[in-house]
$ cat upload_3.txt   # compact mmCIF, C-alpha atoms and all ligand atoms
# COMPACT_ATOMS: atom_id res chain seq x y z
CA MET D 1 27.56 35.98 54.32
CA LYS D 2 29.16 34.28 51.30
CA VAL D 3 32.76 35.52 51.23
CA ALA D 4 35.54 34.83 48.71
CA ILE D 5 39.15 35.41 49.72
CA ILE D 6 41.69 35.78 46.93
CA GLY D 7 45.11 35.05 48.38
CA ALA D 8 46.07 32.28 50.80
CA GLY D 9 49.13 33.81 52.44
CA ASN D 10 49.46 35.49 55.85
CA VAL D 11 46.38 37.68 55.41
CA GLY D 12 44.26 35.30 53.35
CA LYS D 13 44.63 32.51 55.90
CA ALA D 14 44.21 34.77 58.94
CA LEU D 15 41.02 36.39 57.62
CA ALA D 16 39.69 33.04 56.37
CA THR D 17 40.15 31.72 59.92
CA SER D 18 38.34 34.57 61.70
CA ILE D 19 35.61 34.93 59.08
CA THR D 20 34.92 31.17 59.06
CA ARG D 21 34.84 31.19 62.86
CA ALA D 22 32.25 33.98 62.73
CA GLY D 23 29.95 31.64 60.79
CA HIS D 24 30.37 32.98 57.25
CA ASP D 25 30.70 30.78 54.18
CA VAL D 26 34.32 31.21 52.99
CA THR D 27 35.88 30.17 49.67
CA ILE D 28 39.61 30.67 49.06
CA ALA D 29 41.51 31.12 45.79
CA ALA D 30 45.25 31.54 45.34
CA SER D 31 47.81 31.58 42.55
CA THR D 32 47.35 27.82 42.14
CA PRO D 33 44.38 25.57 42.98
CA GLN D 34 46.76 23.43 45.09
CA SER D 35 47.73 26.36 47.27
CA ALA D 36 44.07 27.32 47.76
CA GLU D 37 43.18 23.71 48.59
CA ARG D 38 45.97 23.44 51.20
CA ALA D 39 44.84 26.64 52.95
CA ALA D 40 41.17 25.68 52.80
CA GLN D 41 41.85 22.26 54.35
CA GLU D 42 43.90 23.83 57.14
CA ILE D 43 41.12 26.26 57.99
CA GLY D 44 37.99 24.27 57.25
CA ALA D 45 36.91 26.53 54.37
CA GLN D 46 36.26 25.74 50.71
CA ALA D 47 38.75 26.11 47.85
CA ALA D 48 38.05 27.38 44.34
CA PRO D 49 40.01 26.37 41.23
CA SER D 50 40.35 30.00 40.02
CA ASN D 51 39.90 33.58 41.19
CA ALA D 52 36.82 34.01 38.99
CA ALA D 53 35.26 30.82 40.34
CA ALA D 54 35.81 32.00 43.93
CA ALA D 55 34.26 35.41 43.21
CA ASP D 56 31.28 33.94 41.35
CA GLY D 57 28.22 34.27 43.62
CA ALA D 58 30.15 35.79 46.55
CA GLU D 59 28.57 38.83 48.23
CA VAL D 60 31.98 40.02 49.35
CA VAL D 61 35.34 39.36 47.68
CA ILE D 62 38.48 40.08 49.70
CA LEU D 63 41.72 40.90 47.87
CA ALA D 64 44.60 39.57 49.99
CA ILE D 65 47.23 39.59 47.26
CA PRO D 66 50.40 41.56 46.48
CA PHE D 67 49.21 44.78 44.83
CA ALA D 68 52.13 45.39 42.45
CA SER D 69 52.61 41.89 41.09
CA ALA D 70 49.03 40.55 41.08
CA GLY D 71 46.57 43.47 41.35
CA VAL D 72 45.83 44.13 37.70
CA GLN D 73 45.77 40.45 36.75
CA VAL D 74 43.40 39.47 39.55
CA ALA D 75 41.12 42.47 38.92
CA THR D 76 40.87 41.52 35.25
CA GLU D 77 40.03 37.93 36.15
CA ILE D 78 37.25 38.82 38.62
CA ALA D 79 35.77 41.89 36.88
CA ASP D 80 32.69 40.09 35.49
CA ALA D 81 32.10 37.90 38.53
CA THR D 82 32.17 40.88 40.93
CA ALA D 83 29.67 43.06 39.03
CA GLY D 84 27.21 44.25 41.70
CA SER D 85 29.30 42.80 44.55
CA VAL D 86 31.47 44.28 47.28
CA VAL D 87 35.26 44.01 46.91
CA ILE D 88 37.37 44.60 50.02
CA ASP D 89 40.88 45.77 49.27
CA VAL D 90 43.29 44.72 52.03
CA THR D 91 46.45 45.44 50.03
CA ASN D 92 49.21 47.81 51.03
CA PRO D 93 51.04 48.99 47.90
CA ILE D 94 54.42 49.34 49.60
CA ARG D 95 57.55 49.58 47.49
CA PRO D 96 59.82 46.54 48.06
CA ASP D 97 62.62 48.79 49.40
CA LEU D 98 60.11 50.34 51.90
CA SER D 99 60.78 53.78 50.39
CA GLY D 100 57.09 54.65 50.11
CA LEU D 101 53.78 53.74 48.51
CA ALA D 102 53.70 52.70 44.85
CA THR D 103 50.63 54.75 43.87
CA ASP D 104 49.79 58.44 43.52
CA THR D 105 46.28 57.82 44.89
CA SER D 106 45.61 54.55 46.72
CA ALA D 107 45.48 50.90 45.80
CA ALA D 108 41.76 50.95 46.66
CA GLU D 109 41.02 53.75 44.20
CA GLU D 110 43.06 51.97 41.54
CA PHE D 111 41.03 48.79 42.12
CA GLN D 112 37.79 50.80 41.84
CA LEU D 113 38.91 52.03 38.40
CA LEU D 114 39.71 48.45 37.38
CA LEU D 115 36.40 47.15 38.80
CA PRO D 116 33.81 49.81 37.86
CA LYS D 117 30.85 47.46 38.35
CA ALA D 118 31.84 46.50 41.90
CA ALA D 119 31.80 48.62 45.06
CA VAL D 120 35.36 48.69 46.40
CA VAL D 121 35.82 49.20 50.14
CA LYS D 122 39.13 49.52 51.98
CA ALA D 123 39.31 47.50 55.21
CA PHE D 124 41.64 45.31 57.31
CA ASN D 125 44.81 46.81 55.74
CA THR D 126 45.94 48.63 58.91
CA VAL D 127 45.82 45.38 60.94
CA PHE D 128 48.74 42.95 60.79
CA ALA D 129 47.89 39.34 59.92
CA SER D 130 49.02 38.39 63.44
CA ASN D 131 45.94 40.26 64.75
CA GLN D 132 43.48 39.21 62.05
CA ALA D 133 43.02 35.52 62.87
CA ASP D 134 41.43 36.11 66.29
CA PRO D 135 40.87 39.84 66.84
CA GLY D 136 38.37 39.20 69.63
CA ALA D 137 41.12 37.63 71.75
CA ALA D 138 43.07 40.91 72.03
CA ASP D 139 43.12 42.69 75.42
CA GLU D 140 41.84 45.89 73.82
CA PRO D 141 39.46 46.01 70.85
CA ILE D 142 41.29 46.21 67.53
CA ASP D 143 40.08 49.01 65.29
CA GLY D 144 38.87 48.02 61.84
CA PHE D 145 38.94 51.20 59.72
CA VAL D 146 36.56 51.13 56.74
CA ALA D 147 36.58 53.53 53.76
CA GLY D 148 34.30 53.47 50.73
CA ASP D 149 31.99 55.48 48.48
CA ASP D 150 28.99 53.11 48.45
CA ASP D 151 27.06 53.26 51.74
CA ASP D 152 25.35 49.87 51.34
CA ALA D 153 28.69 48.21 50.59
CA LYS D 154 30.29 49.92 53.55
CA ARG D 155 27.46 48.79 55.86
CA LYS D 156 28.04 45.20 54.74
CA VAL D 157 31.78 45.46 55.39
CA ILE D 158 31.22 47.09 58.78
CA SER D 159 29.00 44.18 59.77
CA LEU D 160 31.68 41.72 58.60
CA VAL D 161 34.40 43.59 60.53
CA GLU D 162 32.24 43.58 63.67
CA SER D 163 31.37 39.89 63.30
CA ILE D 164 35.03 38.86 63.67
CA GLY D 165 35.49 40.86 66.87
CA MET D 166 37.01 44.12 65.64
CA ARG D 167 35.69 47.59 66.44
CA PRO D 168 34.58 49.00 63.07
CA LEU D 169 35.07 52.67 62.29
CA ASP D 170 33.72 54.34 59.14
CA VAL D 171 36.47 56.77 58.11
CA GLY D 172 34.68 58.20 55.07
CA PRO D 173 34.95 57.90 51.30
CA LEU D 174 37.25 55.60 49.35
CA ARG D 175 39.71 58.46 49.05
CA ALA D 176 40.38 57.99 52.80
CA ALA D 177 42.14 54.75 51.80
CA ARG D 178 45.13 57.02 51.09
CA ALA D 179 45.38 57.71 54.82
CA LEU D 180 44.76 54.06 55.76
CA GLU D 181 47.53 52.89 53.42
CA GLY D 182 49.80 55.56 54.92
CA MET D 183 48.99 54.30 58.43
CA ALA D 184 49.89 50.75 57.43
CA PHE D 185 53.13 51.98 55.86
CA LEU D 186 54.05 53.79 59.06
CA ASN D 187 53.30 50.75 61.25
CA ILE D 188 55.38 48.51 58.96
CA GLY D 189 58.28 50.98 59.03
CA LEU D 190 58.16 51.16 62.85
CA ASN D 191 58.30 47.37 63.17
CA ALA D 192 61.13 47.09 60.63
CA ALA D 193 63.17 49.89 62.22
CA ASN D 194 62.69 48.87 65.85
CA GLY D 195 62.66 45.09 65.61
CA TRP D 196 59.13 44.93 67.03
CA GLY D 197 57.10 41.73 66.74
CA TRP D 198 54.63 42.75 63.97
CA THR D 199 51.72 42.91 66.41
CA SER D 200 51.38 46.68 66.94
CA ALA D 201 47.99 48.10 65.92
CA TRP D 202 46.34 51.50 65.43
CA ARG D 203 43.66 52.46 67.95
CA LEU D 204 41.64 55.65 67.90
CA GLU D 205 41.06 57.12 71.38
CA ARG D 206 38.12 59.47 71.71
N1 LIG D 301 51.00 40.50 56.22
C1 LIG D 301 50.29 41.43 56.86
O1 LIG D 301 50.35 41.55 58.10
C2 LIG D 301 49.40 42.36 56.09
C3 LIG D 301 48.48 43.15 56.80
C4 LIG D 301 47.60 43.97 56.09
C5 LIG D 301 47.65 44.01 54.69
N2 LIG D 301 48.57 43.24 54.04
C6 LIG D 301 48.53 43.26 52.56
O2 LIG D 301 47.80 42.10 52.19
C7 LIG D 301 48.31 41.56 50.97
C8 LIG D 301 48.72 40.10 51.20
O3 LIG D 301 49.75 40.06 52.17
P1 LIG D 301 50.31 38.66 52.73
O4 LIG D 301 51.23 38.99 53.83
O5 LIG D 301 49.17 37.73 52.96
O6 LIG D 301 51.13 38.14 51.46
P2 LIG D 301 51.63 36.65 51.17
O7 LIG D 301 51.75 35.89 52.44
O8 LIG D 301 52.81 36.78 50.30
O9 LIG D 301 50.41 36.01 50.35
C9 LIG D 301 50.07 36.46 49.07
C10 LIG D 301 49.03 35.53 48.50
O10 LIG D 301 48.64 36.06 47.23
C11 LIG D 301 48.45 34.95 46.37
N3 LIG D 301 48.57 35.37 44.99
C12 LIG D 301 49.65 35.91 44.34
N4 LIG D 301 49.34 36.13 43.05
C13 LIG D 301 48.07 35.70 42.88
C14 LIG D 301 47.19 35.64 41.77
N5 LIG D 301 47.55 36.08 40.55
N6 LIG D 301 45.95 35.13 41.96
C15 LIG D 301 45.56 34.69 43.18
N7 LIG D 301 46.35 34.72 44.27
C16 LIG D 301 47.58 35.22 44.10
C17 LIG D 301 49.54 33.98 46.76
O11 LIG D 301 49.15 32.70 46.28
P3 LIG D 301 50.04 31.37 46.57
O12 LIG D 301 49.73 30.99 47.99
O13 LIG D 301 49.50 30.39 45.61
O14 LIG D 301 51.47 31.75 46.36
C18 LIG D 301 49.53 34.10 48.27
O15 LIG D 301 48.61 33.20 48.83
C19 LIG D 301 49.47 42.45 50.56
O16 LIG D 301 48.98 43.41 49.64
C20 LIG D 301 49.88 43.13 51.87
O17 LIG D 301 50.45 44.41 51.63
C21 LIG D 301 49.45 42.43 54.70
$ encode --input "upload_3.txt" --output "structure tokens"
Amino acid sequence: MKVAIIGAGNVGKALATSITRAGHDVTIAASTPQSAERAAQEIGAQAAPSNAAAADGAEVVILAIPFASAGVQVATEIADATAGSVVIDVTNPIRPDLSGLATDTSAAEEFQLLLPKAAVVKAFNTVFASNQADPGAADEPIDGFVAGDDDDAKRKVISLVESIGMRPLDVGPLRAARALEGMAFLNIGLNAANGWGWTSAWRLER
């Protein structure tokens, strides 16, 4: 699968590592071409000179950027290039003072409004970057919750989630991203409050 990752920080690099390892064709963009190039060299992926160039021709575009400071700008830049493609929103729109989420709906639904020609799917946001680079190495399978309104797009994301060694779980429509962003917020708060090591993960027992 041809995958573009926008963002080369903790999440961008971790997902680029696992997705490249799974045999997909990964291109990274960041806030500068130099930053994208550094990450791509480290991982063995390709770098793009701009967000639009990374998204151009990609089947799946992953948003691994800060929601509040970069969301609208990046969405505007990739809107044309992602028409007809799948956009995975990994962002957690957490207020800097950790007082709550900075949206009345969800970041994923806000991205869908900004990218009406793309199919936005929420995935990977409940998993810390520490668990994203090699999810298959964990003792227990790591759950990859997936929410979206377009069934074909969701199937594609579920296959991507599975290919990197996570256990995919379809949690319903894009609106369910509200719950997924709440779960991430709770996990972040628990680690901050208890001094945990930022490796805890949600697992659904049935
Ligand atoms: N960290 C986690 O464990 C985790 C887990 C799940 C979800 N998330 C969410 O994932 C997102 C990324 O988190 P992170 O920890 O990876 O953050 P990070 O380490 O701060 O990385 C953010 C990345 O976004 C890039 N960026 C910023 N503005 C940009 C723009 N206009 N165009 C392109 N790239 C831009 C930065 O580029 P430069 O490298 O050039 O500065 C950087 O590579 C956040 O929304 C976070 O809430 C984080």
$ residues_near_ligand --input "upload_3.txt" --ligand "ligand LIG 301 (chain D)" --cutoff "8 Å" --atoms "all atoms listed in the file" --output "mmCIF file with C-alpha atoms, keeping the file's coordinate frame"
data_model
loop_
_atom_site.group_PDB
_atom_site.id
_atom_site.type_symbol
_atom_site.label_atom_id
_atom_site.label_comp_id
_atom_site.auth_asym_id
_atom_site.auth_seq_id
_atom_site.Cartn_x
_atom_site.Cartn_y
_atom_site.Cartn_z
ATOM 1 C CA ILE D 6 41.690 35.780 46.930
ATOM 2 C CA GLY D 7 45.110 35.050 48.380
ATOM 3 C CA ALA D 8 46.070 32.280 50.800
ATOM 4 C CA GLY D 9 49.130 33.810 52.440
ATOM 5 C CA ASN D 10 49.460 35.490 55.850
ATOM 6 C CA VAL D 11 46.380 37.680 55.410
ATOM 7 C CA GLY D 12 44.260 35.300 53.350
ATOM 8 C CA LYS D 13 44.630 32.510 55.900
ATOM 9 C CA ALA D 29 41.510 31.120 45.790
ATOM 10 C CA ALA D 30 45.250 31.540 45.340
ATOM 11 C CA SER D 31 47.810 31.580 42.550
ATOM 12 C CA THR D 32 47.350 27.820 42.140
ATOM 13 C CA PRO D 33 44.380 25.570 42.980
ATOM 14 C CA GLN D 34 46.760 23.430 45.090
ATOM 15 C CA SER D 35 47.730 26.360 47.270
ATOM 16 C CA ALA D 36 44.070 27.320 47.760
ATOM 17 C CA SER D 50 40.350 30.000 40.020
ATOM 18 C CA ASN D 51 39.900 33.580 41.190
ATOM 19 C CA LEU D 63 41.720 40.900 47.870
ATOM 20 C CA ALA D 64 44.600 39.570 49.990
ATOM 21 C CA ILE D 65 47.230 39.590 47.260
ATOM 22 C CA PRO D 66 50.400 41.560 46.480
ATOM 23 C CA PHE D 67 49.210 44.780 44.830
ATOM 24 C CA SER D 69 52.610 41.890 41.090
ATOM 25 C CA ALA D 70 49.030 40.550 41.080
ATOM 26 C CA GLY D 71 46.570 43.470 41.350
ATOM 27 C CA GLN D 73 45.770 40.450 36.750
ATOM 28 C CA VAL D 74 43.400 39.470 39.550
ATOM 29 C CA VAL D 90 43.290 44.720 52.030
ATOM 30 C CA THR D 91 46.450 45.440 50.030
ATOM 31 C CA ASN D 92 49.210 47.810 51.030
ATOM 32 C CA PRO D 93 51.040 48.990 47.900
ATOM 33 C CA ILE D 94 54.420 49.340 49.600
ATOM 34 C CA PHE D 124 41.640 45.310 57.310
ATOM 35 C CA ASN D 125 44.810 46.810 55.740
ATOM 36 C CA THR D 126 45.940 48.630 58.910
ATOM 37 C CA VAL D 127 45.820 45.380 60.940
ATOM 38 C CA PHE D 128 48.740 42.950 60.790
ATOM 39 C CA ALA D 129 47.890 39.340 59.920
ATOM 40 C CA SER D 130 49.020 38.390 63.440
ATOM 41 C CA ALA D 184 49.890 50.750 57.430
ATOM 42 C CA TRP D 198 54.630 42.750 63.970
#
$ closest_residue --input "upload_3.txt" --among "D:Val146, D:Val120, D:Ala133, D:Val86" --to "D:Val61" --atoms "all atoms listed in the file"
D:Val86
$ residues_around --input "upload_3.txt" --residues "D:Asp104" --least-positions-apart "2" --cutoff "12 Å" --atoms "only C-alpha atoms" --output "ChimeraX atom specification"
/D:93-94,100-102,106-110,175,177-178,181-182
$ atom_distance --input "upload_3.txt" --atom1 "atom CA of D:Ile88" --atom2 "atom CA of D:Trp196"
27.6 Å
$ closest_residue --input "upload_3.txt" --among "D:Thr76, D:Ser85, D:Ser18, D:Thr105" --to "D:Glu162" --atoms "only C-alpha atoms"
D:Ser18
$ closest_residue --input "upload_3.txt" --among "D:Pro141, D:Gly57, D:Gly172, D:Gly165" --to "D:Arg203" --atoms "only C-alpha atoms"
D:Pro141
$ residues_around --input "upload_3.txt" --residues "D:Gly144" --least-positions-apart "6" --cutoff "7 Å" --atoms "all atoms listed in the file" --output "PyMOL selection string"
chain D and resi 123-124+161+166-169
$ atom_distance --input "upload_3.txt" --atom1 "atom CA of D:Leu114" --atom2 "atom CA of D:Ile78"
10.0 Å
$ atom_distance --input "upload_3.txt" --atom1 "atom CA of D:Phe145" --atom2 "atom CA of D:Asp80"
27.4 Å
$ residues_around --input "upload_3.txt" --residues "D:Ala118" --least-positions-apart "4" --cutoff "9 Å" --atoms "only C-alpha atoms" --output "tab-separated table (two decimals) with C-alpha atoms, keeping the file's coordinate frame"
chain	number	residue	atom	x	y	z
D	79	ALA	CA	35.77	41.89	36.88
D	82	THR	CA	32.17	40.88	40.93
D	83	ALA	CA	29.67	43.06	39.03
D	84	GLY	CA	27.21	44.25	41.70
D	85	SER	CA	29.30	42.80	44.55
D	86	VAL	CA	31.47	44.28	47.28
D	87	VAL	CA	35.26	44.01	46.91
D	112	GLN	CA	37.79	50.80	41.84
$ closest_residue --input "upload_3.txt" --among "D:Leu204, D:Gln46, D:Ile158, D:Thr17" --to "D:Ile142" --atoms "all atoms listed in the file"
D:Leu204
$ closest_residue --input "upload_3.txt" --among "D:Glu37, D:Glu77, D:Asp89, D:Asp56" --to "D:Lys122" --atoms "only C-alpha atoms"
D:Asp89
$ decode --input "upload_3.txt" --residues "stretch 87-111 of chain D" --atoms "N, CA and C atoms" --output "short mmCIF file (atom, residue, chain, number, x, y, z; two decimals), in the first residue's frame"
data_model
loop_
_atom_site.label_atom_id
_atom_site.label_comp_id
_atom_site.auth_asym_id
_atom_site.auth_seq_id
_atom_site.Cartn_x
_atom_site.Cartn_y
_atom_site.Cartn_z
N VAL D 87 -7.84 9.16 4.63
CA VAL D 87 -7.00 9.95 5.56
C VAL D 87 -7.19 9.37 6.95
N ILE D 88 -6.11 8.93 7.57
CA ILE D 88 -6.18 8.42 8.94
C ILE D 88 -5.79 9.53 9.90
N ASP D 89 -6.71 9.84 10.80
CA ASP D 89 -6.43 10.87 11.81
C ASP D 89 -5.95 10.19 13.09
N VAL D 90 -4.70 10.45 13.44
CA VAL D 90 -4.11 9.88 14.66
C VAL D 90 -4.08 10.91 15.79
N THR D 91 -4.54 12.13 15.51
CA THR D 91 -4.33 13.21 16.48
C THR D 91 -5.21 13.06 17.72
N ASN D 92 -4.71 13.58 18.81
CA ASN D 92 -5.50 13.72 20.04
C ASN D 92 -5.53 15.20 20.39
N PRO D 93 -6.72 15.81 20.28
CA PRO D 93 -6.81 17.27 20.43
C PRO D 93 -6.85 17.70 21.89
N ILE D 94 -5.77 17.39 22.61
CA ILE D 94 -5.75 17.62 24.05
C ILE D 94 -5.28 19.05 24.35
N ARG D 95 -5.99 19.70 25.24
CA ARG D 95 -5.57 21.06 25.62
C ARG D 95 -4.18 20.99 26.27
N PRO D 96 -3.34 21.99 26.04
CA PRO D 96 -1.96 21.95 26.57
C PRO D 96 -1.92 21.79 28.09
N ASP D 97 -2.93 22.33 28.81
CA ASP D 97 -2.91 22.19 30.27
C ASP D 97 -3.59 20.89 30.74
N LEU D 98 -3.87 19.99 29.77
CA LEU D 98 -4.48 18.67 30.05
C LEU D 98 -5.86 18.78 30.72
N SER D 99 -6.53 19.93 30.49
CA SER D 99 -7.84 20.11 31.14
C SER D 99 -8.98 19.47 30.36
N GLY D 100 -8.70 18.97 29.18
CA GLY D 100 -9.77 18.34 28.40
C GLY D 100 -9.43 18.35 26.92
N LEU D 101 -10.45 18.04 26.12
CA LEU D 101 -10.27 17.97 24.66
C LEU D 101 -10.72 19.30 24.03
N ALA D 102 -9.96 19.76 23.05
CA ALA D 102 -10.21 21.08 22.47
C ALA D 102 -11.14 20.98 21.25
N THR D 103 -12.23 20.23 21.38
CA THR D 103 -13.23 20.16 20.31
C THR D 103 -14.56 19.73 20.93
N ASP D 104 -15.65 20.22 20.35
CA ASP D 104 -16.97 19.81 20.85
C ASP D 104 -17.41 18.50 20.22
N THR D 105 -16.75 18.09 19.13
CA THR D 105 -17.09 16.82 18.48
C THR D 105 -15.88 15.90 18.61
N SER D 106 -15.08 15.82 17.55
CA SER D 106 -13.81 15.09 17.61
C SER D 106 -12.90 15.69 16.55
N ALA D 107 -11.62 15.50 16.73
CA ALA D 107 -10.68 15.98 15.71
C ALA D 107 -11.00 15.30 14.38
N ALA D 108 -11.34 14.02 14.43
CA ALA D 108 -11.61 13.27 13.19
C ALA D 108 -12.78 13.87 12.42
N GLU D 109 -13.84 14.22 13.15
CA GLU D 109 -15.01 14.81 12.46
C GLU D 109 -14.67 16.20 11.92
N GLU D 110 -13.81 16.91 12.65
CA GLU D 110 -13.40 18.23 12.14
C GLU D 110 -12.57 18.07 10.87
N PHE D 111 -11.69 17.06 10.85
CA PHE D 111 -10.90 16.82 9.62
C PHE D 111 -11.82 16.42 8.47
#
